[in-house]
Structure formats: structure tokens, C-alpha cells
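Heads up: the structure comes next, in C-alpha cells.
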Amino acid sequence: MGATENKQSINTMFAELAKGNAEAFLGAMTDDVRFTLIGSTKFSRVFNGKQELLEKLLGPLNAELEGALRSRLTN
């Protein structure tokens, strides 16, 4: 897969997440995904693997939010 296809895949993943479809977002990732959340929040760091992403980011973040997680990809 080339850069254009990779970019489209990422755009699709985040578009599905923005609709509340976390299953499509996670389903597009391999088990050995490396996910970086930039910034200075308590969640900002590199997550290695889908299991770590679920356990240390998505699960705790979801527990702190009221309602569904919505995101918007800007770049």
C-alpha cells in the first residue's frame, strides 16, 4: 500500500470514529499498531499494540467521558 492509500485508510478510520463507529476504527488496525497521541494530556504518549491502546487509552478515556467519543482528523 502506498502513501495515498495509507492516507485514505487513516481518513476512513477517523471518519468512522467520528460517527461513533469504534469497531471500524479498531478493526482497521493490526494487533501490533503503534499509536501516538501528541500533546500534553495525561493520555499523551506512544501506545504499542492494539491491546495497550485499548487498556491504557480508549478504556480509561471512555470511562471519563459522558457520551460517545467523537474525534475529527485535521491533518
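Simple scheme: letters A, B, ... for chains in C-alpha cells order, numbers from 1 for residues in each chain, numbers from 1 for ligands in the order shown.
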
### Message
When you look at Ile10 in chain A with a cut-off of 9 Å (counting only C-alpha atoms), what residues show up, excluding the ones that are within fewer than 6 positions of it in the same chain? I need them as a list of chain:residue names.
### Response
A:Phe25, A:Ala28, A:Leu73

Could you write out the selected residues, including C-alpha atoms, as a tab-separated table (two decimals), in the first residue's frame?
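Result file follows (part-v3.tsv):
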chain	number	residue	atom	x	y	z
A	25	PHE	CA	-11.63	2.29	13.77
A	28	ALA	CA	-8.63	-1.32	10.61
A	73	LEU	CA	-8.91	14.42	11.87

### Task
Quick one: everything within 12 Å of range 60-62 of chain A, counting only C-alpha atoms, minus sequence neighbours fewer than 4 positions away in the same chain. Send it as a ChimeraX atom specification.
/A:20,22,41-44,52-56,66-70

Restricting the output to all heavy atoms, write the selected residues as a compact mmCIF listing (two decimals), in the first residue's frame.
# COMPACT_ATOMS: atom_id res chain seq x y z
N GLY A 20 -18.95 7.57 15.61
CA GLY A 20 -19.18 6.71 16.77
C GLY A 20 -18.94 5.24 16.49
O GLY A 20 -19.26 4.39 17.31
N ALA A 22 -16.47 2.88 16.66
CA ALA A 22 -15.15 2.49 17.17
C ALA A 22 -14.72 1.14 16.64
O ALA A 22 -13.53 0.89 16.49
CB ALA A 22 -15.16 2.49 18.69
N THR A 41 -1.54 16.01 27.51
CA THR A 41 -2.56 15.46 28.39
C THR A 41 -2.01 14.27 29.16
O THR A 41 -0.94 13.75 28.84
CB THR A 41 -3.80 15.01 27.61
OG1 THR A 41 -3.48 13.80 26.90
CG2 THR A 41 -4.27 16.07 26.62
N LYS A 42 -2.75 13.81 30.13
CA LYS A 42 -2.30 12.62 30.86
C LYS A 42 -2.32 11.37 29.98
O LYS A 42 -1.73 10.36 30.32
CB LYS A 42 -3.12 12.41 32.13
CG LYS A 42 -4.57 12.03 31.91
CD LYS A 42 -5.26 11.89 33.24
CE LYS A 42 -6.70 11.48 33.10
NZ LYS A 42 -7.34 11.33 34.41
N PHE A 43 -2.99 11.43 28.85
CA PHE A 43 -3.06 10.31 27.92
C PHE A 43 -2.02 10.39 26.81
O PHE A 43 -1.85 9.45 26.04
CB PHE A 43 -4.45 10.20 27.31
CG PHE A 43 -5.54 9.94 28.29
CD1 PHE A 43 -6.47 10.90 28.61
CD2 PHE A 43 -5.63 8.71 28.92
CE1 PHE A 43 -7.48 10.66 29.52
CE2 PHE A 43 -6.63 8.44 29.84
CZ PHE A 43 -7.56 9.42 30.14
N SER A 44 -1.34 11.52 26.67
CA SER A 44 -0.40 11.72 25.57
C SER A 44 0.83 10.84 25.75
O SER A 44 1.54 10.94 26.75
CB SER A 44 0.02 13.19 25.51
OG SER A 44 -1.09 14.01 25.27
N GLU A 52 -2.68 -2.57 24.26
CA GLU A 52 -2.26 -1.44 25.10
C GLU A 52 -3.09 -0.20 24.79
O GLU A 52 -3.46 0.55 25.70
CB GLU A 52 -0.77 -1.15 24.89
CG GLU A 52 -0.26 -0.03 25.80
CD GLU A 52 1.21 0.23 25.66
OE1 GLU A 52 1.65 0.70 24.58
OE2 GLU A 52 1.93 -0.05 26.63
N LEU A 53 -3.40 0.03 23.54
CA LEU A 53 -4.23 1.17 23.14
C LEU A 53 -5.60 1.08 23.81
O LEU A 53 -6.11 2.08 24.34
CB LEU A 53 -4.37 1.19 21.62
CG LEU A 53 -5.17 2.33 21.01
CD1 LEU A 53 -4.52 3.67 21.27
CD2 LEU A 53 -5.34 2.10 19.51
N LEU A 54 -6.18 -0.10 23.81
CA LEU A 54 -7.48 -0.29 24.44
C LEU A 54 -7.41 -0.12 25.96
O LEU A 54 -8.24 0.57 26.56
CB LEU A 54 -8.03 -1.69 24.12
CG LEU A 54 -8.55 -1.88 22.71
CD1 LEU A 54 -8.73 -3.37 22.42
CD2 LEU A 54 -9.83 -1.13 22.52
N GLU A 55 -6.41 -0.75 26.58
CA GLU A 55 -6.31 -0.76 28.04
C GLU A 55 -5.86 0.57 28.64
O GLU A 55 -6.32 0.95 29.72
CB GLU A 55 -5.35 -1.86 28.50
CG GLU A 55 -5.88 -3.24 28.26
CD GLU A 55 -4.87 -4.33 28.59
OE1 GLU A 55 -3.74 -4.01 29.04
OE2 GLU A 55 -5.21 -5.51 28.39
N LYS A 56 -4.97 1.28 27.95
CA LYS A 56 -4.37 2.46 28.55
C LYS A 56 -4.84 3.78 27.96
O LYS A 56 -4.53 4.84 28.51
CB LYS A 56 -2.85 2.36 28.48
CG LYS A 56 -2.34 1.19 29.30
CD LYS A 56 -0.86 1.19 29.41
CE LYS A 56 -0.43 0.03 30.32
NZ LYS A 56 1.01 -0.10 30.37
N GLU A 66 -18.56 11.65 29.19
CA GLU A 66 -20.00 11.47 29.18
C GLU A 66 -20.42 11.39 27.73
O GLU A 66 -20.15 12.29 26.95
CB GLU A 66 -20.70 12.66 29.85
CG GLU A 66 -20.44 12.76 31.33
CD GLU A 66 -21.16 13.94 31.95
OE1 GLU A 66 -22.11 14.46 31.35
OE2 GLU A 66 -20.74 14.33 33.04
N GLY A 67 -21.01 10.30 27.34
CA GLY A 67 -21.42 10.12 25.96
C GLY A 67 -20.31 9.49 25.14
O GLY A 67 -19.28 9.09 25.66
N ALA A 68 -20.51 9.44 23.86
CA ALA A 68 -19.57 8.78 22.94
C ALA A 68 -18.37 9.67 22.64
O ALA A 68 -18.47 10.89 22.63
CB ALA A 68 -20.28 8.44 21.64
N LEU A 69 -17.25 9.02 22.39
CA LEU A 69 -16.03 9.70 21.96
C LEU A 69 -16.20 10.11 20.51
O LEU A 69 -16.55 9.30 19.66
CB LEU A 69 -14.83 8.78 22.12
CG LEU A 69 -13.50 9.26 21.57
CD1 LEU A 69 -13.03 10.49 22.34
CD2 LEU A 69 -12.46 8.17 21.66
N ARG A 70 -15.96 11.38 20.23
CA ARG A 70 -16.01 11.86 18.85
C ARG A 70 -14.67 12.52 18.55
O ARG A 70 -14.11 13.20 19.40
CB ARG A 70 -17.11 12.92 18.66
CG ARG A 70 -18.49 12.44 19.01
CD ARG A 70 -19.00 11.51 17.98
NE ARG A 70 -20.33 11.08 18.41
CZ ARG A 70 -21.12 10.38 17.69
NH1 ARG A 70 -20.77 9.99 16.51
NH2 ARG A 70 -22.29 10.00 18.15

### Contact residues around Gly49 in chain A with only C-alpha atoms at 10 Å, ignoring same-chain residues under 3 positions, as a ChimeraX atom specification
/A:29-35,46,52-54

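The residues of chain A that DSSP classifies as strand (DSSP E or B), using the backbone of this structure, are Arg34, Phe35, Thr36, Leu37, Arg45, Val46, Phe47 and Asn48 of chain A.
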
### Message
So that I can see what lies close to Ala24 in chain A, please list as a ChimeraX atom specification the residues with an atom at most 12 Å from it, counting only C-alpha atoms and leaving out residues fewer than 4 positions away in the same chain.
### Response
/A:9-20,28-29
